[in-house]
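*Asks:* Got a structure for you, upload-v4.txt, holding compact mmCIF, C-alpha atoms and all ligand atoms.
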# COMPACT_ATOMS: atom_id res chain seq x y z
CA MET A 1141 0.00 0.00 0.00
CA GLU A 1142 1.30 3.44 -0.89
CA THR A 1143 1.70 6.11 1.72
CA ASN A 1144 -0.92 8.27 0.06
CA GLU A 1145 -3.51 5.56 0.61
CA SER A 1146 -2.87 5.56 4.32
CA LEU A 1147 -5.41 7.23 6.50
CA VAL A 1148 -2.91 9.40 8.23
CA GLY A 1149 -0.37 9.82 5.49
CA ALA A 1150 -2.97 11.20 3.10
CA ASN A 1151 -3.93 14.02 5.34
CA GLU A 1152 -1.81 15.39 8.07
CA ALA A 1153 -4.67 17.02 9.90
CA VAL A 1154 -6.31 13.75 10.94
CA PHE A 1155 -5.97 13.44 14.67
CA VAL A 1156 -6.19 9.92 16.06
CA TRP A 1157 -6.20 8.80 19.66
CA GLY A 1158 -7.66 6.08 21.81
CA SER A 1159 -6.86 2.69 23.18
CA GLY A 1160 -7.72 -0.96 22.88
CA ARG A 1161 -10.67 -1.62 20.59
CA VAL A 1162 -11.71 1.96 20.03
CA LEU A 1163 -9.94 4.86 18.45
CA HIS A 1164 -11.18 8.37 18.04
CA ALA A 1165 -10.26 10.45 15.09
CA LEU A 1166 -10.80 14.12 14.53
CA VAL A 1167 -11.22 14.40 10.79
CA PRO A 1168 -11.40 17.62 8.80
CA GLU A 1169 -14.63 17.80 6.89
CA GLY A 1170 -13.14 17.54 3.45
CA GLN A 1171 -11.32 14.34 4.37
CA LEU A 1172 -14.18 12.34 5.83
CA GLY A 1173 -15.00 10.46 2.62
CA HIS A 1174 -11.39 9.47 2.14
CA VAL A 1175 -11.02 8.35 5.74
CA ARG A 1176 -14.19 6.24 5.61
CA ALA A 1177 -13.11 4.60 2.37
CA THR A 1178 -9.70 3.78 3.82
CA LEU A 1179 -11.26 2.30 6.92
CA ARG A 1180 -13.69 0.22 4.85
CA GLN A 1181 -10.80 -1.23 2.87
CA ARG A 1182 -9.34 -2.41 6.16
CA ASN A 1183 -12.61 -3.80 7.48
CA LEU A 1184 -12.77 -1.20 10.23
CA THR A 1185 -16.10 0.36 11.09
CA ALA A 1186 -16.51 4.02 11.84
CA THR A 1187 -19.30 5.84 13.62
CA LEU A 1188 -19.81 9.54 13.35
CA LEU A 1189 -20.02 10.77 16.92
CA GLN A 1190 -20.37 14.45 16.52
CA HIS A 1191 -20.33 17.10 13.87
CA ASP A 1192 -18.69 20.41 14.47
CA PRO A 1193 -19.80 22.58 11.57
CA ASP A 1194 -16.97 25.05 11.99
CA THR A 1195 -14.08 22.70 12.09
CA ASP A 1196 -14.10 18.95 12.18
CA PHE A 1197 -15.96 15.73 12.43
CA ASN A 1198 -15.35 13.41 15.30
CA ILE A 1199 -15.56 9.81 14.27
CA LYS A 1200 -15.19 6.76 16.42
CA VAL A 1201 -13.34 3.92 14.81
CA HIS A 1202 -13.90 0.38 16.04
CA THR A 1203 -10.79 -1.63 15.70
CA CYS A 1204 -10.30 -5.32 15.64
CA GLY A 1205 -8.64 -6.49 18.81
CA ASN A 1206 -7.79 -5.83 22.42
CA HIS A 1207 -4.19 -5.09 21.84
CA MET A 1208 -2.36 -3.14 19.28
CA ASN A 1209 -0.70 -5.29 16.75
CA ASP A 1210 -0.14 -5.07 13.05
CA ASP A 1211 -3.82 -5.29 12.25
CA CYS A 1212 -5.20 -2.97 14.83
CA THR A 1213 -5.51 0.57 16.06
CA CYS A 1214 -3.31 3.44 15.18
CA ILE A 1215 -0.41 1.35 14.08
CA SER A 1216 -2.62 -0.22 11.46
CA ILE A 1217 -4.22 3.06 10.51
CA ASP A 1218 -0.74 4.20 9.68
CA LYS A 1219 0.09 0.72 8.52
CA ALA A 1220 1.72 1.66 5.26
CA ASN A 1221 4.20 3.72 7.19
CA SER A 1222 4.75 1.57 10.19
CA ARG A 1223 5.24 -2.07 9.28
CA ARG A 1224 7.87 -3.42 11.60
CA THR A 1225 10.72 -5.19 9.98
CA LYS A 1226 12.77 -7.92 11.61
CA GLU A 1227 15.75 -5.64 11.46
CA PHE A 1228 15.38 -2.67 13.81
CA GLY A 1229 14.77 0.53 11.88
CA TRP A 1230 13.01 3.89 11.68
CA SER A 1231 9.94 3.14 9.63
CA ALA A 1232 7.99 1.86 12.63
CA TYR A 1233 7.77 2.25 16.38
CA TYR A 1234 9.36 -0.57 18.36
CA ASP A 1235 8.71 -1.90 21.84
CA VAL A 1236 11.17 -1.83 24.76
CA ASP A 1237 12.81 -5.19 24.10
CA ASP A 1238 13.50 -4.31 20.46
CA ILE A 1239 14.98 -0.94 21.39
CA TYR A 1240 17.16 -2.53 24.05
CA ALA A 1241 18.27 -5.28 21.65
CA TYR A 1242 19.24 -2.54 19.20
CA LEU A 1243 21.32 -0.76 21.84
CA ARG A 1244 23.09 -4.01 22.75
CA ASN A 1245 23.68 -4.85 19.08
CA MET A 1246 25.21 -1.47 18.43
CA SER A 1247 27.55 -1.79 21.39
CA ALA A 1248 28.56 -5.25 20.12
CA ARG A 1249 29.19 -3.85 16.65
CA TYR A 1250 31.15 -0.84 17.91
CA PRO A 1251 32.74 -2.19 21.10
CA THR A 1252 35.47 0.42 21.36
CA LEU A 1253 33.04 3.26 20.88
CA ALA A 1254 29.80 2.32 22.62
CA ALA A 1255 28.97 0.48 25.83
CA PRO A 1256 25.58 -0.38 27.30
CA VAL A 1257 24.94 1.47 30.55
CA VAL A 1258 22.20 1.00 33.10
CA GLY A 1259 20.87 4.38 34.18
CA GLY A 1260 18.43 2.99 36.70
CA ARG A 1261 15.55 0.57 36.95
CA SER A 1262 11.80 0.55 36.68
CA TYR A 1263 8.94 -0.46 38.94
CA GLU A 1264 8.32 -3.61 36.91
CA GLY A 1265 12.00 -4.54 37.10
CA ARG A 1266 13.26 -3.34 33.73
CA ASP A 1267 16.60 -1.65 33.34
CA ILE A 1268 16.73 1.91 32.12
CA LEU A 1269 19.19 0.97 29.42
CA GLY A 1270 21.28 3.45 27.54
CA LEU A 1271 24.49 3.75 25.58
CA ARG A 1272 27.64 5.52 26.58
CA VAL A 1273 29.42 6.66 23.45
CA ARG A 1274 32.99 7.85 23.77
CA LYS A 1275 35.92 7.58 21.41
CA PRO A 1276 38.89 6.00 23.16
CA GLY A 1277 42.34 7.52 23.09
CA ALA A 1278 44.19 10.45 24.56
CA GLY A 1279 41.92 12.83 26.43
CA ALA A 1280 39.00 10.39 26.52
CA ALA A 1281 38.69 10.79 30.27
CA ASN A 1282 38.23 14.56 30.17
CA LYS A 1283 35.71 15.00 27.41
CA PRO A 1284 32.64 17.09 28.20
CA ALA A 1285 29.73 14.77 29.00
CA ILE A 1286 26.35 15.25 27.35
CA PHE A 1287 23.31 13.46 28.76
CA ILE A 1288 20.24 12.72 26.62
CA GLU A 1289 16.92 11.83 28.26
CA SER A 1290 13.95 10.76 26.18
CA GLY A 1291 10.71 8.87 26.62
CA ILE A 1292 10.05 10.10 30.15
CA HIS A 1293 6.41 10.41 29.05
CA ALA A 1294 5.36 7.02 27.78
CA VAL A 1295 2.99 8.27 25.11
CA GLU A 1296 5.65 10.40 23.41
CA TRP A 1297 6.95 7.58 21.21
CA ILE A 1298 8.54 9.90 18.68
CA THR A 1299 11.12 11.02 21.23
CA SER A 1300 12.54 7.52 21.69
CA ALA A 1301 12.51 6.78 17.97
CA THR A 1302 14.27 10.08 17.32
CA ILE A 1303 16.95 9.37 19.88
CA THR A 1304 17.70 5.87 18.57
CA TYR A 1305 17.94 7.52 15.15
CA PHE A 1306 20.45 9.98 16.60
CA ILE A 1307 22.42 7.11 18.15
CA ASN A 1308 22.58 5.44 14.76
CA GLU A 1309 23.90 8.60 13.16
CA LEU A 1310 26.38 9.13 15.95
CA LEU A 1311 27.82 5.64 15.57
CA THR A 1312 27.68 5.13 11.81
CA SER A 1313 27.77 8.45 9.96
CA ASN A 1314 30.82 9.58 8.02
CA ASP A 1315 29.61 13.15 7.84
CA PRO A 1316 32.41 15.22 9.43
CA ASN A 1317 29.86 17.14 11.51
CA ILE A 1318 28.75 13.87 13.06
CA THR A 1319 32.17 12.29 13.38
CA ALA A 1320 33.11 15.43 15.33
CA LEU A 1321 30.30 14.66 17.76
CA ARG A 1322 31.69 11.22 18.48
CA GLU A 1323 35.25 12.52 18.69
CA ASN A 1324 34.63 15.36 21.06
CA PHE A 1325 32.12 14.28 23.68
CA ASP A 1326 31.26 11.64 26.24
CA TRP A 1327 27.62 10.74 25.52
CA HIS A 1328 25.19 9.18 27.96
CA ILE A 1329 22.08 8.48 25.91
CA PHE A 1330 18.85 7.01 27.31
CA PRO A 1331 16.08 6.61 24.74
CA LEU A 1332 13.56 5.15 27.21
CA VAL A 1333 13.71 6.44 30.75
CA ASN A 1334 10.15 5.23 31.48
CA PRO A 1335 10.25 1.73 29.97
CA ASP A 1336 7.23 0.32 31.87
CA GLY A 1337 5.04 3.20 30.78
CA TYR A 1338 6.21 2.95 27.18
CA HIS A 1339 5.52 -0.78 27.05
CA TYR A 1340 2.07 -0.19 28.52
CA SER A 1341 1.37 2.59 26.01
CA MET A 1342 2.37 0.33 23.13
CA ASN A 1343 0.33 -2.65 24.29
CA GLU A 1344 -2.56 -1.59 26.49
CA ASP A 1345 -3.39 2.08 26.64
CA ILE A 1346 -1.96 4.12 23.85
CA MET A 1347 -2.33 7.43 25.72
CA TRP A 1348 -0.44 6.27 28.82
CA ARG A 1349 1.96 8.94 30.14
CA LYS A 1350 3.04 7.91 33.65
CA THR A 1351 5.10 5.20 35.31
CA ARG A 1352 3.32 1.96 36.36
CA SER A 1353 3.75 1.98 40.13
CA ARG A 1354 0.70 0.99 42.21
CA SER A 1355 -1.09 3.43 44.48
CA PRO A 1356 -3.03 2.19 47.52
CA ASN A 1357 -6.27 3.47 45.97
CA GLY A 1358 -5.81 1.19 42.97
CA CYS A 1359 -4.58 3.74 40.45
CA PHE A 1360 -1.32 3.37 38.59
CA GLY A 1361 1.74 5.50 38.08
CA ALA A 1362 3.03 8.99 38.70
CA ASP A 1363 4.05 11.57 36.13
CA PRO A 1364 7.82 11.09 36.02
CA ASN A 1365 8.26 14.71 35.01
CA ARG A 1366 6.51 15.91 38.18
CA ASN A 1367 8.38 13.64 40.58
CA TRP A 1368 11.89 15.13 40.81
CA ASP A 1369 13.02 16.68 44.03
CA TYR A 1370 12.99 20.29 42.99
CA LYS A 1371 10.01 22.41 44.03
CA TRP A 1372 8.07 19.14 44.03
CA ASP A 1373 5.63 20.36 46.65
CA LEU A 1374 4.53 23.31 44.51
CA ALA A 1375 2.63 20.74 42.44
CA LEU A 1376 2.24 23.16 39.54
CA ASN A 1377 0.43 21.69 36.55
CA ALA A 1378 0.32 18.56 38.67
CA SER A 1379 -2.03 16.72 40.97
CA SER A 1380 -1.95 14.90 44.30
CA ASP A 1381 -4.59 12.50 43.00
CA PRO A 1382 -2.97 9.15 42.10
CA CYS A 1383 -5.51 8.67 39.34
CA ASP A 1384 -4.54 11.93 37.63
CA ASN A 1385 -2.31 11.92 34.57
CA ARG A 1386 -0.06 14.47 36.20
CA TYR A 1387 0.15 12.85 39.64
CA THR A 1388 3.25 14.06 41.50
CA GLY A 1389 3.68 10.75 43.35
CA PRO A 1390 3.39 10.56 47.15
CA GLN A 1391 6.78 12.17 47.71
CA PRO A 1392 9.70 13.51 45.64
CA PHE A 1393 11.54 10.66 43.95
CA SER A 1394 8.85 8.19 44.99
CA GLU A 1395 9.29 6.60 41.56
CA VAL A 1396 12.19 4.23 41.26
CA GLU A 1397 12.80 5.43 37.70
CA THR A 1398 13.40 9.08 38.64
CA ARG A 1399 15.26 8.19 41.83
CA THR A 1400 17.72 5.80 40.22
CA LEU A 1401 18.17 7.93 37.12
CA ALA A 1402 18.92 10.98 39.27
CA SER A 1403 21.73 9.10 41.05
CA TYR A 1404 23.16 8.03 37.71
CA ILE A 1405 23.08 11.60 36.37
CA ALA A 1406 24.63 12.98 39.54
CA ALA A 1407 27.57 10.58 39.11
CA VAL A 1408 28.32 11.53 35.49
CA GLU A 1409 31.71 13.16 35.47
CA ASN A 1410 32.15 16.48 33.76
CA LEU A 1411 28.45 16.75 32.88
CA GLN A 1412 28.13 19.89 30.81
CA ALA A 1413 24.87 19.48 28.93
CA TYR A 1414 21.52 17.84 29.72
CA LEU A 1415 19.12 17.48 26.80
CA ALA A 1416 15.57 16.22 27.45
CA PHE A 1417 13.10 15.28 24.72
CA HIS A 1418 9.31 15.51 24.82
CA SER A 1419 6.60 15.94 22.23
CA ASN A 1420 4.62 17.64 20.74
CA ALA A 1421 4.52 21.38 21.40
CA GLN A 1422 7.35 22.10 18.92
CA MET A 1423 9.37 24.29 21.26
CA LEU A 1424 12.76 24.64 22.83
CA LEU A 1425 12.65 25.30 26.56
CA VAL A 1426 15.15 26.22 29.26
CA PRO A 1427 14.86 26.12 33.06
CA TYR A 1428 13.02 26.96 35.07
CA SER A 1429 9.61 25.44 34.64
CA ASP A 1430 8.15 26.51 37.96
CA SER A 1431 9.08 30.18 37.87
CA LYS A 1432 9.94 32.93 35.44
CA GLU A 1433 13.23 33.49 37.21
CA HIS A 1434 16.09 33.72 34.72
CA LEU A 1435 19.28 31.72 35.18
CA ASP A 1436 22.64 33.47 35.43
CA ASN A 1437 23.53 32.23 31.92
CA TYR A 1438 20.00 32.76 30.57
CA ASP A 1439 21.18 35.07 27.77
CA ASP A 1440 23.67 32.48 26.57
CA LEU A 1441 21.05 29.73 26.73
CA ILE A 1442 18.65 31.81 24.65
CA GLN A 1443 21.26 32.83 22.08
CA LEU A 1444 22.54 29.27 21.80
CA GLY A 1445 19.04 27.81 21.67
CA LYS A 1446 18.00 30.15 18.87
CA ALA A 1447 21.09 29.27 16.86
CA THR A 1448 20.36 25.59 17.48
CA LEU A 1449 16.82 25.94 16.14
CA GLU A 1450 18.23 27.50 12.96
CA TYR A 1451 20.30 24.37 12.33
CA GLY A 1452 17.10 22.35 12.68
CA ARG A 1453 15.03 24.64 10.47
CA LYS A 1454 17.44 24.15 7.59
CA VAL A 1455 16.64 20.42 7.51
CA ASN A 1456 12.87 20.42 6.97
CA GLY A 1457 11.86 24.07 7.30
CA ALA A 1458 10.12 23.37 10.61
CA LYS A 1459 9.97 26.32 12.98
CA TYR A 1460 10.03 25.68 16.70
CA ASP A 1461 8.79 28.22 19.21
CA GLY A 1462 11.21 29.61 21.71
CA VAL A 1463 13.65 29.72 23.13
CA GLY A 1464 12.27 30.56 26.55
CA THR A 1465 11.71 29.23 30.02
CA ALA A 1466 9.22 26.42 30.24
CA ALA A 1467 7.25 28.57 32.69
CA GLU A 1468 6.97 31.44 30.23
CA MET A 1469 6.61 29.50 26.98
CA LEU A 1470 4.45 26.53 27.93
CA TYR A 1471 2.94 26.54 31.42
CA PRO A 1472 4.36 26.65 34.92
CA ALA A 1473 5.12 23.11 36.04
CA SER A 1474 7.15 21.73 38.92
CA GLY A 1475 9.09 18.58 39.77
CA GLY A 1476 10.59 18.27 36.27
CA SER A 1477 13.91 16.64 35.42
CA MET A 1478 15.63 19.55 33.73
CA ASP A 1479 14.94 21.88 36.65
CA TRP A 1480 16.32 19.36 39.13
CA VAL A 1481 19.45 18.82 37.02
CA ARG A 1482 20.16 22.50 36.65
CA HIS A 1483 19.44 23.40 40.27
CA THR A 1484 21.16 20.44 41.89
CA LEU A 1485 24.08 19.77 39.59
CA HIS A 1486 24.58 23.27 38.16
CA THR A 1487 24.87 21.79 34.68
CA PRO A 1488 25.54 24.81 32.46
CA LEU A 1489 23.57 23.80 29.37
CA VAL A 1490 20.10 22.39 30.06
CA TYR A 1491 17.35 22.21 27.45
CA THR A 1492 14.03 20.51 26.91
CA TRP A 1493 12.81 19.95 23.39
CA GLU A 1494 9.18 19.56 22.60
CA LEU A 1495 9.35 17.81 19.24
CA ARG A 1496 6.86 17.98 16.39
CA GLY A 1497 3.71 15.98 15.87
CA TRP A 1498 0.00 16.68 15.68
CA ALA A 1499 -1.12 13.45 17.23
CA LEU A 1500 0.14 11.66 20.27
CA PRO A 1501 1.46 9.06 19.80
CA CYS A 1502 0.36 8.48 16.24
CA TRP A 1503 2.80 10.80 14.58
CA PRO A 1504 3.35 8.68 11.52
CA ALA A 1505 6.35 6.45 11.75
CA ALA A 1506 7.26 7.59 8.25
CA ARG A 1507 8.15 10.90 9.87
CA ILE A 1508 10.78 9.46 12.19
CA PRO A 1509 13.76 10.00 9.83
CA ALA A 1510 12.80 13.63 9.17
CA GLN A 1511 12.48 14.28 12.89
CA GLY A 1512 15.68 12.34 13.49
CA ASP A 1513 17.67 14.34 10.94
CA GLU A 1514 16.33 17.57 12.35
CA VAL A 1515 17.32 16.66 15.91
CA THR A 1516 20.71 15.37 14.78
CA GLN A 1517 21.43 18.70 13.11
CA MET A 1518 20.20 20.60 16.15
CA ILE A 1519 22.50 18.64 18.42
CA HIS A 1520 25.38 19.22 16.02
CA GLY A 1521 24.52 22.93 15.88
CA LEU A 1522 24.22 23.16 19.64
CA THR A 1523 27.71 21.79 20.15
CA VAL A 1524 29.28 24.02 17.49
CA GLU A 1525 27.61 27.20 18.73
CA ALA A 1526 28.16 26.32 22.39
CA ARG A 1527 31.90 26.12 21.82
CA LYS A 1528 31.85 29.56 20.25
CA LEU A 1529 30.37 30.82 23.53
CA GLY A 1530 33.01 29.04 25.59
CA TYR A 1531 30.97 25.97 26.64
CA LEU A 1532 31.64 22.25 26.04
CA LYS A 1533 35.38 22.65 26.09
O1 LIG B 1601 4.57 18.99 31.02
C1 LIG B 1601 5.68 18.50 30.78
O2 LIG B 1601 6.28 17.77 31.55
C2 LIG B 1601 6.32 18.77 29.42
N1 LIG B 1601 5.32 18.91 28.41
S1 LIG B 1601 4.53 17.57 27.86
O3 LIG B 1601 3.45 18.02 27.04
N2 LIG B 1601 5.54 16.75 26.96
O4 LIG B 1601 4.12 16.78 28.97
C3 LIG B 1601 7.10 20.06 29.52
C4 LIG B 1601 8.45 19.87 30.06
C5 LIG B 1601 9.07 21.15 30.46
N3 LIG B 1601 8.70 21.43 31.80
C6 LIG B 1601 9.36 20.86 32.86
N4 LIG B 1601 10.59 20.46 32.73
N5 LIG B 1601 8.72 20.72 33.98
ZN ZN B 1602 6.34 15.06 27.77
What is this file in C-alpha cells?
Ligand code: 0X9
Ligand code: ZN
*Replies:*
Amino acid sequence: METNESLVGANEAVFVWGSGRVLHALVPEGQLGHVRATLRQRNLTATLLQHDPDTDFNIKVHTCGNHMNDDCTCISIDKANSRRTKEFGWSAYYDVDDIYAYLRNMSARYPTLAAPVVGGRSYEGRDILGLRVRKPGAGAANKPAIFIESGIHAVEWITSATITYFINELLTSNDPNITALRENFDWHIFPLVNPDGYHYSMNEDIMWRKTRSRSPNGCFGADPNRNWDYKWDLALNASSDPCDNRYTGPQPFSEVETRTLASYIAAVENLQAYLAFHSNAQMLLVPYSDSKEHLDNYDDLIQLGKATLEYGRKVNGAKYDGVGTAAEMLYPASGGSMDWVRHTLHTPLVYTWELRGWALPCWPAARIPAQGDEVTQMIHGLTVEARKLGYLK
C-alpha cells in the first residue's frame, strides 16, 4: 500500500487517539470520505459521533482487537508507514525489548566506541538501558559529558525513535559534523527512561503517560516529570490524585525510575549538557519550569538555543517556538527533570525539546527519519555554537 492511501499519510490534519478496541479520530470535513473509504478497505467500522460545523468531524473507529498489533488501532491506521521489519529501523515504532536489543547490538558492533549502561531501573524490574558513546584515546577521560533523556512520558513515542535515530547517526555516519560529535564528547544516551510506561502505552493504553507503580487506591503510576526533588511540593500543573495523569507521586523521587536515574546523572563526570526530549509542542525550553526566574547564563542559553533551532530549520523548514523558560513558553510546572538537574548539579547547558507531531502518539512512523535528521542537526549545531560561547570545552 502506498503512503498516500494511508489514513494518516494522506492528510496530516487527521488526529487519532484512543486505546484498545476503540480509536477516536478528529477528521477535517473535506477528508471524511477518504477516511471512511480507507477504513472500509481495512474492514474497520466508523461511527460519526459528533459534527462540528466550523471545524471537524469526530468519528469513532472500532478496531479489531484488544491489543495493538499489526492489524489494529493506530499502528494499522498508519500501517503503510509503520510495518515493523525484523531488522530494527526507523519506519515503525518498536517496543522496549526491540529498542534494548538494538542498543546491545550497536555496542557489540562498535565495542570500542559504545557500551551499554544502566541508568536505573523501573517499577516492573526493567533496566533503564542506555548507551555511553565515547571515542577511546588520549583525552578520553576529560571529554565534556552530554546526557540525553527521552521517553520520560510514555505516550511520546517519537522522542525515543528520534533518539535511537540519533544514536545510529552518531555511531555510523561519516559526515564530518557527526564524526566530530563522536570525537569530542562523552555521551550518555537514554532513549527510554520510562520503559514500563512505554511498554504499557504500546500494548494496552496508547495514551499512557506515567510510570506503572501501584497506588493504595488502585490507580497506577506517577508523572515522572513531576516527581523530581525540585520544588516538588509546589505541584504546579500537577495533581496529588494518584488517578490523575499528572500525579506528582506521594513524595519527591517516589518513583524508582526518577530516583535511580537521578543518582546516575549525579555521578556523570564532567556533565556539561543535559538534553531532554518531549513531544509535541514544537518548542525549545530552558529552566526553570516553575518560575519565570532567569538563570545566570539565561542570555547564553537563549542565544545558543536560537542558533540551534536554525540548524534544525534548515533540515525540513520546521519552525520551533522559543527559546524561553518552560514557565513562560508553555505553562508553569514543577518537579521536572531539567529543573532538578540545573538546580542540583549546576549543569551549564540544560534544554528541553518539545518535538513535532500533531497526534500523540500516532505521529506517523514515516516521519521518524525527518524528525531524526532535524534533531541530529540541532545537536550538532548546539555543540558548534556552544563552543563559540566558551561551553563544552
Ligand atoms: O509537562 C511536561 O512535563 C512537558 N510537556 S509535555 O506536554 N511533553 O508533557 C514540559 C516539560 C518542560 N517542563 C518541565 N521540565 N517541567
Ligand atoms: Zn512530555
*Asks:* Would you mind reading off the distance between CA of Thr1487 (chain A) and CA of Val1295 (chain A), one decimal, in Å?
*Replies:*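 Interatomic distance here is 27.4 Å.
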*Asks:* How would you report the residues lying within 10 Å of ligand LIG 1601 (chain B), as a ChimeraX atom specification, if you count only C-alpha atoms and all ligand atoms?
*Replies:* /A:1291-1296,1299,1349,1363-1368,1370,1376-1378,1385-1386,1416-1430,1465-1467,1469-1481,1491-1495,1500
*Asks:* If you measure from CA of Ser1355 (chain A) to CA of Tyr1234 (chain A), what distance in Å do you get, rounded to one decimal?
*Replies:*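 It comes out at 28.4 Å.
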*Asks:* Quick one, how far is CA of Tyr1233 (chain A) from CA of Thr1252 (chain A)?
*Replies:*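 Straight-line distance from CA of Tyr1233 (chain A) to CA of Thr1252 (chain A) works out to 28.2 Å.
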*Asks:* Got a sec to check which residues sit within 6 Å of (7.6, 23.4, 13.8), counting all atoms listed in the file, and write them as a list of chain:residue names?
*Replies:*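 Protein, DNA and RNA residues close to (7.6, 23.4, 13.8): A:Gln1422, A:Ala1458, A:Lys1459, A:Tyr1460.
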*Asks:* Find the residues around Ile1286 (chain A) up to 9 Å (only C-alpha atoms counted), leave out those fewer than 2 positions away in its own chain, and share them as a VMD selection string.
*Replies:* chain A and resid 1284 1288 1325 to 1329 1410 to 1415 1532
*Asks:* Which is closest to Thr1351 (chain A) among A:Glu1309, A:Asp1439, A:Glu1289, A:Asp1336, if we use only C-alpha atoms?
*Replies:*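 The shortest atom-to-atom distance to Thr1351 (chain A) comes from A:Asp1336.
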*Asks:* Which one is closest to ligand ZN 1602 (chain B): A:Gly1260, A:Pro1276, A:Trp1348, A:Ser1431? Count all atoms listed in the file.
*Replies:*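 Answer, going by the shortest atom-to-atom distance: A:Trp1348.
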*Asks:* Rank nothing, just name the residue among A:Lys1446, A:Arg1274, A:His1174, A:Lys1350 nearest to ligand ZN 1602 (chain B), using only C-alpha atoms and all ligand atoms.
*Replies:*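 Distance minimum relative to ligand ZN 1602 (chain B) lands on A:Lys1350.
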*Asks:* Just checking: using all atoms listed in the file, which residue out of A:Val1273, A:Val1333, A:Ile1239, A:Cys1359 ends up closest to ligand ZN 1602 (chain B)?
*Replies:*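 So, comparing all the options, the nearest one is A:Val1333.
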*Asks:* Which residue, A:Arg1244, A:Gly1173, A:Tyr1263, A:Trp1297, has the smallest gap to ligand ZN 1602 (chain B) when you use only C-alpha atoms and all ligand atoms?
*Replies:* A:Trp1297
*Asks:* Considering all atoms listed in the file, return as a ChimeraX atom specification whatever protein or nucleic-acid residues lie within 10 Å of Ile1519 (chain A), sequence-local ones (same chain, fewer than 6 positions apart) excluded.
*Replies:* /A:1306,1318,1321,1415,1448-1449,1451-1452,1513,1525
*Asks:* Neighbouring residues of Leu1522 (chain A) were defined as those with any atom within 8 Å, considering only C-alpha atoms; residues of the same chain fewer than 2 positions away were excluded. Please report them as a PyMOL selection string.
*Replies:* chain A and resi 1444-1445+1447-1448+1518-1520+1524-1526
*Asks:* Enumerate, as a PyMOL selection string, the protein, DNA and RNA residues whose atoms approach (18.9, 4.9, 27.2) to within 10 Å, taking into account all atoms listed in the file and the coordinate frame of the file.
*Replies:* chain A and resi 1239-1240+1243+1256-1260+1267-1272+1287-1291+1300+1303-1304+1307+1328-1335
*Asks:* Next, dump the selected residues to file, keeping only C-alpha atoms, as a PDB file, keeping the file's coordinate frame.
*Replies:*
ATOM      1  CA  ILE A1239      14.980  -0.940  21.390  1.00  0.00           C
ATOM      2  CA  TYR A1240      17.160  -2.530  24.050  1.00  0.00           C
ATOM      3  CA  LEU A1243      21.320  -0.760  21.840  1.00  0.00           C
ATOM      4  CA  PRO A1256      25.580  -0.380  27.300  1.00  0.00           C
ATOM      5  CA  VAL A1257      24.940   1.470  30.550  1.00  0.00           C
ATOM      6  CA  VAL A1258      22.200   1.000  33.100  1.00  0.00           C
ATOM      7  CA  GLY A1259      20.870   4.380  34.180  1.00  0.00           C
ATOM      8  CA  GLY A1260      18.430   2.990  36.700  1.00  0.00           C
ATOM      9  CA  ASP A1267      16.600  -1.650  33.340  1.00  0.00           C
ATOM     10  CA  ILE A1268      16.730   1.910  32.120  1.00  0.00           C
ATOM     11  CA  LEU A1269      19.190   0.970  29.420  1.00  0.00           C
ATOM     12  CA  GLY A1270      21.280   3.450  27.540  1.00  0.00           C
ATOM     13  CA  LEU A1271      24.490   3.750  25.580  1.00  0.00           C
ATOM     14  CA  ARG A1272      27.640   5.520  26.580  1.00  0.00           C
ATOM     15  CA  PHE A1287      23.310  13.460  28.760  1.00  0.00           C
ATOM     16  CA  ILE A1288      20.240  12.720  26.620  1.00  0.00           C
ATOM     17  CA  GLU A1289      16.920  11.830  28.260  1.00  0.00           C
ATOM     18  CA  SER A1290      13.950  10.760  26.180  1.00  0.00           C
ATOM     19  CA  GLY A1291      10.710   8.870  26.620  1.00  0.00           C
ATOM     20  CA  SER A1300      12.540   7.520  21.690  1.00  0.00           C
ATOM     21  CA  ILE A1303      16.950   9.370  19.880  1.00  0.00           C
ATOM     22  CA  THR A1304      17.700   5.870  18.570  1.00  0.00           C
ATOM     23  CA  ILE A1307      22.420   7.110  18.150  1.00  0.00           C
ATOM     24  CA  HIS A1328      25.190   9.180  27.960  1.00  0.00           C
ATOM     25  CA  ILE A1329      22.080   8.480  25.910  1.00  0.00           C
ATOM     26  CA  PHE A1330      18.850   7.010  27.310  1.00  0.00           C
ATOM     27  CA  PRO A1331      16.080   6.610  24.740  1.00  0.00           C
ATOM     28  CA  LEU A1332      13.560   5.150  27.210  1.00  0.00           C
ATOM     29  CA  VAL A1333      13.710   6.440  30.750  1.00  0.00           C
ATOM     30  CA  ASN A1334      10.150   5.230  31.480  1.00  0.00           C
ATOM     31  CA  PRO A1335      10.250   1.730  29.970  1.00  0.00           C
TER      32      PRO A1335
END
*Asks:* Check the smallest atom-to-atom distance from each of A:Ala1254, A:Met1347, A:Val1455, A:Ala1232 to ligand ZN 1602 (chain B) using only C-alpha atoms and all ligand atoms, then report the winner.
*Replies:*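 Closest to ligand ZN 1602 (chain B) of all the choices is A:Met1347.
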*Asks:* Using all atoms of region 1264-1267 of chain A listed in the file and a margin of 5 Å per side, can you give the axis-aligned box centre and edge lengths in Å to one decimal, as JSON?
*Replies:*
{"center_x": 12.5, "center_y": -3.1, "center_z": 35.2, "size_x": 18.3, "size_y": 12.9, "size_z": 13.8}
